[in-house]
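Colleague: Could you have a look at this structure, given as structure tokens, before my questions?
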Amino acid sequence: MPLLMALCVVVGIIIGTFFANHFSSNRLNIINSGSNRLNNLLHIIDDKYVDNVNIDSLVEKAVPQILSDLDPHSVYISAKDVQIATDDLRGSFSGVGIEFVIREDTIHVQGVIKNGPAERAGILAGDKIVRVDGQPFVGKTVTNEEAMHKLKGPKDTKVRLGVVRYGDKKIKEFTVTRGEIPTRSVTATYMLDDDTGYIRIKSFGENTYPELLIALAQLSQQGFGNLVIDLRDNTGGYLKSAVQMANEFLPKNKLIVYTQGRKSPRQEYRTDGRGSYQKMPLIVLINESSASASEIFAGAIQDNDRGTIIGRRSFGKGLVQQQIDFPDGSMVRLTVARYYTPSGRCIQKPYTAGDPLNYESDLLARYQHGEFFSQDSIKHTGPVYHTGIGREVYGGGGITPDIFVPEDTLGITSYYKQASMSGLILQFAFIYTDDNRLKLNNFKEMMELSDYLVKQNSVEQFAAYADSHGLKRRNLMIQKSHNLLERYINSRIIYNILDEDAWIQYLNIGDPVIKAAIGVFKKNEAFPKKPQTANDMKKQKTAYAKEVHLINHEMERNLNMVALG
């Protein structure tokens, strides 16, 4: 029996080898279904290709191409980029706690997180990092990606930083123990005037809702009665955070948003009535860079007639992505459904599958068409929908504001465009900050620092710097763009010395969108009014006619009395 079993095994091996060799060239013909074709192709390349091939590298290149043929927001994220892609929304990351810029192939510390690892170790704003863990880190190898790779790392791990401090040529060594660094969603909270609170939300992350509650509590202590929520340039984030925020301002059982897809049944998100600010006058600010979760929040407020939307038409991202993790640490964000606002409109703007270039250039097309400067230039491609009280709203491409505020072009010249787009203003602002840091550090309040900078004639200093760096001086254009140049330069210096909150407060001074919001509150028009029907207008006309008749009758009676007297 053992001999017989051994003989069967040998025969089986011989037959298997024969068929494998005989039919190996036809494997693709044996199994050729669409779902297996790509996998089979990779096996064949691995088995038969003339040279050695890195199959993982082929997959890294093929997967993004496949996803790009679906829609603009289905994406593949490699394992090395996953952390960067999720840190901003996660609410924190593990690192040393500095904000840096790369100038002349060297890391310059622009800011240090208060009470963070770097501050505790002794790192100061203005320091230049030239060595990491004993190895030089300057030159062409210094990129944002490589710098973050070296500075970020697991919590409680250590990194040695070699630093050159302003006015000192000797390298100082600091050992920094990495820790959890919070990333804020709410980047500014303050009072615009005696009655109006302001909250700027940069993104919708894991901690956005608790940060909002803290901001609201701060404003409550200052006695605010109106609220502006600024979602301009907020590209979105987590749906859950947008829903939690909307719940804070809407009455019970109001629809916030619903999602639906081919394999995803309709799922509704409604309010529970526990919000503490359901009756406070509310204005939401948006622009062409407000997307996704920002549009969900703005759409919920608009469709439920809860507040007024001011600004310019939003981006138009209404596709829902599901995150799918792969064993190697990479992930796919695959579109599985669409977002719909309470009125039933999908805010996703039109796109052509496989044509990402046209989709990405949409904002440029809007600009060239004049949409940023005239409400009449807005092209509505979708059908008309109606809010709860019957106001008209539009689908098929973002949220159209209730009050349109055009982009301010006063003072823009070709010189200003070149100065801002070339990065020269940012470079000058950083160098100016570095050279004057000891004096500037004495200023703790935004307005004090702003008043000081106005007296320093920063525009003239910038013009000289730019002229020596390739941007020819244009005196007439500089004069015409003086206010814009001064505003941009001084804002960056304020950002470098103080923080993002102070920077936003400075930029909001004189902002026409902020002015429009305050004007709405002063007129008590934050709550939208029901549009007049033909019958309403008829009644109003009749009432007006009666009022005119009574006035005329009274005047006639008074004249008769005068005549008799």
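Chain labels A, B, ... are given in the sequence in which chains occur in the structure tokens; within each chain residues are numbered consecutively from 1, and ligands are likewise numbered from 1 in the order shown.
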Please extract the residues of segment 106-253 of chain A with a backbone DSSP assignment of strand (DSSP E or B) and present them as an mmCIF file with C-alpha atoms, in the first residue's frame.

Modeller:
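So the final result, stored in result-v7.cif, reads:
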data_model
loop_
_atom_site.group_PDB
_atom_site.id
_atom_site.type_symbol
_atom_site.label_atom_id
_atom_site.label_comp_id
_atom_site.auth_asym_id
_atom_site.auth_seq_id
_atom_site.Cartn_x
_atom_site.Cartn_y
_atom_site.Cartn_z
ATOM 1 C CA THR A 106 17.101 75.159 4.301
ATOM 2 C CA ILE A 107 14.301 74.565 6.819
ATOM 3 C CA HIS A 108 13.311 77.813 8.557
ATOM 4 C CA VAL A 109 11.159 77.503 11.671
ATOM 5 C CA GLN A 110 8.253 79.866 11.037
ATOM 6 C CA GLY A 111 6.314 79.107 14.205
ATOM 7 C CA VAL A 112 6.477 76.853 17.256
ATOM 8 C CA LYS A 128 17.249 77.226 10.835
ATOM 9 C CA ILE A 129 17.390 73.421 11.004
ATOM 10 C CA VAL A 130 20.582 72.271 9.251
ATOM 11 C CA ARG A 131 21.125 68.834 10.798
ATOM 12 C CA VAL A 132 18.803 65.930 11.676
ATOM 13 C CA GLN A 135 23.375 64.137 9.465
ATOM 14 C CA PRO A 136 23.442 67.367 7.402
ATOM 15 C CA LYS A 158 13.418 61.260 19.857
ATOM 16 C CA VAL A 159 15.031 63.285 17.088
ATOM 17 C CA ARG A 160 18.200 65.394 17.352
ATOM 18 C CA LEU A 161 18.044 68.719 15.543
ATOM 19 C CA GLY A 162 21.050 70.850 14.667
ATOM 20 C CA VAL A 163 19.976 74.500 14.636
ATOM 21 C CA VAL A 164 21.569 77.773 13.539
ATOM 22 C CA ILE A 171 25.219 75.007 15.437
ATOM 23 C CA LYS A 172 23.173 74.308 18.567
ATOM 24 C CA GLU A 173 21.967 70.740 19.239
ATOM 25 C CA PHE A 174 18.454 70.050 20.594
ATOM 26 C CA THR A 175 16.904 66.675 21.374
ATOM 27 C CA VAL A 176 13.150 66.764 20.806
ATOM 28 C CA THR A 177 10.804 64.029 22.045
ATOM 29 C CA GLY A 179 4.410 64.088 20.864
ATOM 30 C CA GLU A 180 0.786 64.476 19.753
ATOM 31 C CA ILE A 181 0.323 67.791 17.964
ATOM 32 C CA PRO A 182 -3.282 69.024 17.672
ATOM 33 C CA VAL A 186 -11.613 76.320 14.053
ATOM 34 C CA THR A 187 -8.869 78.826 13.313
ATOM 35 C CA ALA A 188 -10.452 82.105 14.444
ATOM 36 C CA THR A 189 -13.055 83.111 17.025
ATOM 37 C CA TYR A 190 -13.744 86.736 17.918
ATOM 38 C CA MET A 191 -16.371 89.521 17.941
ATOM 39 C CA THR A 196 -21.787 89.782 16.117
ATOM 40 C CA GLY A 197 -19.637 86.729 16.755
ATOM 41 C CA TYR A 198 -17.371 85.283 14.080
ATOM 42 C CA ILE A 199 -16.084 81.703 13.697
ATOM 43 C CA ARG A 200 -13.713 80.617 10.912
ATOM 44 C CA ILE A 201 -13.700 76.863 10.156
ATOM 45 C CA PHE A 204 -14.276 69.409 8.877
ATOM 46 C CA ASN A 226 -25.632 87.205 15.875
ATOM 47 C CA LEU A 227 -23.252 84.683 14.337
ATOM 48 C CA VAL A 228 -21.129 84.534 11.174
ATOM 49 C CA ILE A 229 -19.676 81.135 10.231
ATOM 50 C CA ASP A 230 -16.925 81.539 7.643
ATOM 51 C CA GLY A 237 -13.812 66.708 5.313
#

Colleague: What's the 8 Å shell around Lys279 of chain A, counting only C-alpha atoms, without same-chain residues fewer than 2 positions away, as a ChimeraX atom specification?

Modeller: /A:249,277,281

Colleague: Take the residues just selected and output them with all heavy atoms as a PDB file, in the first residue's frame.

Modeller:
ATOM      1  N   PHE A 249     -27.904  74.151  14.954  1.00  0.00           N
ATOM      2  CA  PHE A 249     -28.617  75.371  14.558  1.00  0.00           C
ATOM      3  C   PHE A 249     -30.025  75.128  14.026  1.00  0.00           C
ATOM      4  O   PHE A 249     -30.774  76.086  13.843  1.00  0.00           O
ATOM      5  CB  PHE A 249     -27.801  76.111  13.497  1.00  0.00           C
ATOM      6  CG  PHE A 249     -26.435  76.529  13.962  1.00  0.00           C
ATOM      7  CD1 PHE A 249     -25.321  75.793  13.627  1.00  0.00           C
ATOM      8  CD2 PHE A 249     -26.282  77.639  14.767  1.00  0.00           C
ATOM      9  CE1 PHE A 249     -24.063  76.171  14.062  1.00  0.00           C
ATOM     10  CE2 PHE A 249     -25.034  78.031  15.220  1.00  0.00           C
ATOM     11  CZ  PHE A 249     -23.915  77.289  14.866  1.00  0.00           C
ATOM     12  N   TYR A 277     -28.543  76.623  19.564  1.00  0.00           N
ATOM     13  CA  TYR A 277     -28.578  77.909  18.854  1.00  0.00           C
ATOM     14  C   TYR A 277     -29.553  77.848  17.678  1.00  0.00           C
ATOM     15  O   TYR A 277     -29.259  78.286  16.579  1.00  0.00           O
ATOM     16  CB  TYR A 277     -27.172  78.274  18.373  1.00  0.00           C
ATOM     17  CG  TYR A 277     -26.189  78.412  19.513  1.00  0.00           C
ATOM     18  CD1 TYR A 277     -25.471  77.312  19.967  1.00  0.00           C
ATOM     19  CD2 TYR A 277     -26.014  79.629  20.154  1.00  0.00           C
ATOM     20  CE1 TYR A 277     -24.587  77.425  21.023  1.00  0.00           C
ATOM     21  CE2 TYR A 277     -25.128  79.762  21.220  1.00  0.00           C
ATOM     22  CZ  TYR A 277     -24.415  78.651  21.651  1.00  0.00           C
ATOM     23  OH  TYR A 277     -23.549  78.773  22.713  1.00  0.00           O
ATOM     24  N   PRO A 281     -29.808  84.501  14.885  1.00  0.00           N
ATOM     25  CA  PRO A 281     -29.568  84.957  13.512  1.00  0.00           C
ATOM     26  C   PRO A 281     -28.208  84.465  13.009  1.00  0.00           C
ATOM     27  O   PRO A 281     -27.186  84.646  13.687  1.00  0.00           O
ATOM     28  CB  PRO A 281     -29.599  86.481  13.646  1.00  0.00           C
ATOM     29  CG  PRO A 281     -30.462  86.733  14.841  1.00  0.00           C
ATOM     30  CD  PRO A 281     -30.168  85.610  15.784  1.00  0.00           C
TER      31      PRO A 281
END

Colleague: Could you list, as an NGL selection string, every residue within 12 Å of Phe521 of chain A, counting only C-alpha atoms and ignoring same-chain residues fewer than 3 positions away?

Modeller: :A and (192-197 or 225-228 or 280-283 or 307-308 or 514-518 or 524-528)

Colleague: For the residues selected in the previous step, produce a file with N, CA, C and O atoms as an mmCIF file, in the first residue's frame.

Modeller:
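Saved file again_19.cif follows:
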data_model
loop_
_atom_site.group_PDB
_atom_site.id
_atom_site.type_symbol
_atom_site.label_atom_id
_atom_site.label_comp_id
_atom_site.auth_asym_id
_atom_site.auth_seq_id
_atom_site.Cartn_x
_atom_site.Cartn_y
_atom_site.Cartn_z
ATOM 1 N N LEU A 192 -16.947 90.521 15.801
ATOM 2 C CA LEU A 192 -16.824 91.498 14.717
ATOM 3 C C LEU A 192 -17.265 92.877 15.177
ATOM 4 O O LEU A 192 -16.714 93.895 14.756
ATOM 5 N N ASP A 193 -18.303 92.936 16.002
ATOM 6 C CA ASP A 193 -18.756 94.171 16.644
ATOM 7 C C ASP A 193 -19.376 93.789 17.984
ATOM 8 O O ASP A 193 -19.215 92.652 18.441
ATOM 9 N N ASP A 194 -20.092 94.697 18.594
ATOM 10 C CA ASP A 194 -20.629 94.436 19.935
ATOM 11 C C ASP A 194 -21.644 93.300 19.961
ATOM 12 O O ASP A 194 -21.861 92.688 21.015
ATOM 13 N N ASP A 195 -22.287 93.010 18.826
ATOM 14 C CA ASP A 195 -23.348 92.001 18.799
ATOM 15 C C ASP A 195 -22.991 90.742 17.994
ATOM 16 O O ASP A 195 -23.632 89.714 18.170
ATOM 17 N N THR A 196 -21.999 90.832 17.119
ATOM 18 C CA THR A 196 -21.787 89.782 16.117
ATOM 19 C C THR A 196 -20.537 88.960 16.380
ATOM 20 O O THR A 196 -19.415 89.484 16.382
ATOM 21 N N GLY A 197 -20.746 87.660 16.599
ATOM 22 C CA GLY A 197 -19.637 86.729 16.755
ATOM 23 C C GLY A 197 -19.208 86.173 15.410
ATOM 24 O O GLY A 197 -20.010 86.083 14.473
ATOM 25 N N GLY A 225 -25.079 88.115 19.888
ATOM 26 C CA GLY A 225 -26.483 87.861 19.559
ATOM 27 C C GLY A 225 -26.672 87.446 18.117
ATOM 28 O O GLY A 225 -27.744 86.968 17.734
ATOM 29 N N ASN A 226 -25.635 87.633 17.268
ATOM 30 C CA ASN A 226 -25.632 87.205 15.875
ATOM 31 C C ASN A 226 -24.374 86.371 15.635
ATOM 32 O O ASN A 226 -23.382 86.517 16.364
ATOM 33 N N LEU A 227 -24.411 85.549 14.598
ATOM 34 C CA LEU A 227 -23.252 84.683 14.337
ATOM 35 C C LEU A 227 -22.935 84.607 12.852
ATOM 36 O O LEU A 227 -23.826 84.396 12.023
ATOM 37 N N VAL A 228 -21.650 84.771 12.526
ATOM 38 C CA VAL A 228 -21.129 84.534 11.174
ATOM 39 C C VAL A 228 -20.239 83.301 11.225
ATOM 40 O O VAL A 228 -19.293 83.245 12.026
ATOM 41 N N MET A 280 -30.824 81.678 16.797
ATOM 42 C CA MET A 280 -29.890 82.798 16.673
ATOM 43 C C MET A 280 -29.746 83.212 15.212
ATOM 44 O O MET A 280 -29.578 82.360 14.333
ATOM 45 N N PRO A 281 -29.808 84.501 14.885
ATOM 46 C CA PRO A 281 -29.568 84.957 13.512
ATOM 47 C C PRO A 281 -28.208 84.465 13.009
ATOM 48 O O PRO A 281 -27.186 84.646 13.687
ATOM 49 N N LEU A 282 -28.218 83.856 11.818
ATOM 50 C CA LEU A 282 -27.023 83.154 11.331
ATOM 51 C C LEU A 282 -26.728 83.519 9.882
ATOM 52 O O LEU A 282 -27.635 83.571 9.041
ATOM 53 N N ILE A 283 -25.450 83.742 9.589
ATOM 54 C CA ILE A 283 -24.983 83.965 8.217
ATOM 55 C C ILE A 283 -23.806 83.032 7.959
ATOM 56 O O ILE A 283 -22.921 82.888 8.808
ATOM 57 N N GLY A 307 -30.887 80.486 7.679
ATOM 58 C CA GLY A 307 -29.964 81.611 7.694
ATOM 59 C C GLY A 307 -29.708 82.096 6.281
ATOM 60 O O GLY A 307 -30.296 81.600 5.314
ATOM 61 N N THR A 308 -28.807 83.061 6.153
ATOM 62 C CA THR A 308 -28.485 83.662 4.861
ATOM 63 C C THR A 308 -27.087 83.243 4.429
ATOM 64 O O THR A 308 -26.148 83.284 5.234
ATOM 65 N N ILE A 514 -17.560 90.492 4.733
ATOM 66 C CA ILE A 514 -17.848 90.740 6.151
ATOM 67 C C ILE A 514 -18.766 91.956 6.294
ATOM 68 O O ILE A 514 -19.720 91.952 7.079
ATOM 69 N N LYS A 515 -18.505 93.015 5.519
ATOM 70 C CA LYS A 515 -19.361 94.209 5.553
ATOM 71 C C LYS A 515 -20.798 93.867 5.177
ATOM 72 O O LYS A 515 -21.755 94.351 5.799
ATOM 73 N N ALA A 516 -20.948 93.011 4.151
ATOM 74 C CA ALA A 516 -22.293 92.623 3.716
ATOM 75 C C ALA A 516 -23.013 91.865 4.823
ATOM 76 O O ALA A 516 -24.213 92.062 5.052
ATOM 77 N N ALA A 517 -22.294 90.991 5.521
ATOM 78 C CA ALA A 517 -22.899 90.214 6.607
ATOM 79 C C ALA A 517 -23.386 91.121 7.730
ATOM 80 O O ALA A 517 -24.510 90.981 8.227
ATOM 81 N N ILE A 518 -22.544 92.053 8.133
ATOM 82 C CA ILE A 518 -22.931 92.979 9.212
ATOM 83 C C ILE A 518 -24.137 93.824 8.787
ATOM 84 O O ILE A 518 -25.046 94.092 9.577
ATOM 85 N N ASN A 524 -31.843 93.319 10.263
ATOM 86 C CA ASN A 524 -32.638 92.209 10.803
ATOM 87 C C ASN A 524 -33.175 91.304 9.690
ATOM 88 O O ASN A 524 -34.328 90.873 9.711
ATOM 89 N N GLU A 525 -32.317 90.997 8.710
ATOM 90 C CA GLU A 525 -32.739 90.199 7.561
ATOM 91 C C GLU A 525 -31.981 88.881 7.444
ATOM 92 O O GLU A 525 -31.897 88.296 6.361
ATOM 93 N N ALA A 526 -31.417 88.395 8.558
ATOM 94 C CA ALA A 526 -30.661 87.135 8.493
ATOM 95 C C ALA A 526 -31.573 85.949 8.222
ATOM 96 O O ALA A 526 -31.167 84.982 7.559
ATOM 97 N N PHE A 527 -32.812 86.005 8.734
ATOM 98 C CA PHE A 527 -33.768 84.928 8.464
ATOM 99 C C PHE A 527 -34.453 85.199 7.127
ATOM 100 O O PHE A 527 -35.074 86.253 6.951
ATOM 101 N N PRO A 528 -34.348 84.275 6.167
ATOM 102 C CA PRO A 528 -34.960 84.498 4.843
ATOM 103 C C PRO A 528 -36.468 84.679 4.954
ATOM 104 O O PRO A 528 -37.124 84.097 5.819
#

Colleague: Between A:Ile425, A:Gln375, A:Thr141, A:Gly299, which one has atoms that come closest to Asp467 of chain A, using only C-alpha atoms?

Modeller: A:Ile425

Colleague: Can you list, as a PDB file with N, CA, C and O atoms, in the first residue's frame, every protein, DNA or RNA residue that comes within 12 Å of Asn441 of chain A when you count only C-alpha atoms, leaving out same-chain residues fewer than 5 positions away?

Modeller:
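And here's selection28.pdb as it stands now:
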ATOM      1  N   LEU A 124      13.171  77.892  18.734  1.00  0.00           N
ATOM      2  CA  LEU A 124      12.508  79.187  18.618  1.00  0.00           C
ATOM      3  C   LEU A 124      12.132  79.476  17.169  1.00  0.00           C
ATOM      4  O   LEU A 124      12.778  78.979  16.236  1.00  0.00           O
ATOM      5  N   ALA A 125      11.091  80.290  16.996  1.00  0.00           N
ATOM      6  CA  ALA A 125      10.757  80.768  15.660  1.00  0.00           C
ATOM      7  C   ALA A 125      11.946  81.559  15.120  1.00  0.00           C
ATOM      8  O   ALA A 125      12.550  82.364  15.834  1.00  0.00           O
ATOM      9  N   GLY A 126      12.279  81.310  13.853  1.00  0.00           N
ATOM     10  CA  GLY A 126      13.440  81.950  13.246  1.00  0.00           C
ATOM     11  C   GLY A 126      14.656  81.049  13.172  1.00  0.00           C
ATOM     12  O   GLY A 126      15.598  81.343  12.423  1.00  0.00           O
ATOM     13  N   THR A 433      10.521  89.511   8.672  1.00  0.00           N
ATOM     14  CA  THR A 433      10.209  89.003  10.018  1.00  0.00           C
ATOM     15  C   THR A 433      11.469  88.538  10.719  1.00  0.00           C
ATOM     16  O   THR A 433      11.707  88.858  11.897  1.00  0.00           O
ATOM     17  N   ASP A 434      12.290  87.775  10.013  1.00  0.00           N
ATOM     18  CA  ASP A 434      13.519  87.228  10.586  1.00  0.00           C
ATOM     19  C   ASP A 434      14.477  88.344  11.010  1.00  0.00           C
ATOM     20  O   ASP A 434      15.063  88.295  12.101  1.00  0.00           O
ATOM     21  N   ASP A 435      14.622  89.357  10.155  1.00  0.00           N
ATOM     22  CA  ASP A 435      15.566  90.435  10.436  1.00  0.00           C
ATOM     23  C   ASP A 435      15.102  91.345  11.572  1.00  0.00           C
ATOM     24  O   ASP A 435      15.926  92.031  12.193  1.00  0.00           O
ATOM     25  N   ASN A 436      13.779  91.361  11.821  1.00  0.00           N
ATOM     26  CA  ASN A 436      13.229  92.272  12.829  1.00  0.00           C
ATOM     27  C   ASN A 436      12.516  91.539  13.958  1.00  0.00           C
ATOM     28  O   ASN A 436      11.704  92.141  14.676  1.00  0.00           O
ATOM     29  N   MET A 446      -2.890  92.163  17.552  1.00  0.00           N
ATOM     30  CA  MET A 446      -2.893  92.357  16.109  1.00  0.00           C
ATOM     31  C   MET A 446      -2.920  93.821  15.710  1.00  0.00           C
ATOM     32  O   MET A 446      -2.154  94.268  14.842  1.00  0.00           O
ATOM     33  N   GLU A 448      -2.039  96.533  17.327  1.00  0.00           N
ATOM     34  CA  GLU A 448      -0.780  97.222  17.664  1.00  0.00           C
ATOM     35  C   GLU A 448       0.287  96.936  16.606  1.00  0.00           C
ATOM     36  O   GLU A 448       0.977  97.860  16.140  1.00  0.00           O
ATOM     37  N   LEU A 449       0.418  95.668  16.258  1.00  0.00           N
ATOM     38  CA  LEU A 449       1.408  95.281  15.257  1.00  0.00           C
ATOM     39  C   LEU A 449       1.054  95.867  13.896  1.00  0.00           C
ATOM     40  O   LEU A 449       1.934  96.337  13.157  1.00  0.00           O
ATOM     41  N   ILE A 493       3.424  89.104   7.696  1.00  0.00           N
ATOM     42  CA  ILE A 493       4.280  89.388   8.853  1.00  0.00           C
ATOM     43  C   ILE A 493       3.512  89.137  10.146  1.00  0.00           C
ATOM     44  O   ILE A 493       4.044  88.562  11.100  1.00  0.00           O
ATOM     45  N   ILE A 494       2.250  89.562  10.178  1.00  0.00           N
ATOM     46  CA  ILE A 494       1.394  89.306  11.342  1.00  0.00           C
ATOM     47  C   ILE A 494       1.241  87.806  11.571  1.00  0.00           C
ATOM     48  O   ILE A 494       1.302  87.328  12.711  1.00  0.00           O
ATOM     49  N   ASN A 496       3.378  85.485  10.712  1.00  0.00           N
ATOM     50  CA  ASN A 496       4.661  84.945  11.179  1.00  0.00           C
ATOM     51  C   ASN A 496       4.900  85.228  12.660  1.00  0.00           C
ATOM     52  O   ASN A 496       5.469  84.387  13.376  1.00  0.00           O
ATOM     53  N   ILE A 497       4.474  86.407  13.132  1.00  0.00           N
ATOM     54  CA  ILE A 497       4.775  86.804  14.508  1.00  0.00           C
ATOM     55  C   ILE A 497       3.702  86.354  15.493  1.00  0.00           C
ATOM     56  O   ILE A 497       4.019  85.906  16.607  1.00  0.00           O
ATOM     57  N   LEU A 498       2.436  86.450  15.107  1.00  0.00           N
ATOM     58  CA  LEU A 498       1.350  86.098  16.025  1.00  0.00           C
ATOM     59  C   LEU A 498       0.816  84.704  15.688  1.00  0.00           C
ATOM     60  O   LEU A 498       1.477  83.721  15.922  1.00  0.00           O
TER      61      LEU A 498
END

Colleague: So which residues touch Ile403 of chain A within 7 Å, counting only C-alpha atoms, skipping near sequence neighbours fewer than 5 positions away, as a list in words?

Modeller: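 In the requested format, the answer is Ile309, Ile310 and Gly311 of chain A.
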
Colleague: How many Å separate atom CA of Ile399 of chain A from atom CA of Ala298 of chain A?

Modeller: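 Result for atom CA of Ile399 of chain A versus atom CA of Ala298 of chain A: 7.4 Å, one decimal.
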
Colleague: When you count only C-alpha atoms, which of these residues is closest to Val82 of chain A: A:Ile324, A:Leu70, A:Val257, A:Val454?

Modeller: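 Checking each of A:Ile324, A:Leu70, A:Val257, A:Val454 against Val82 of chain A, counting only C-alpha atoms, the winner is A:Ile324.
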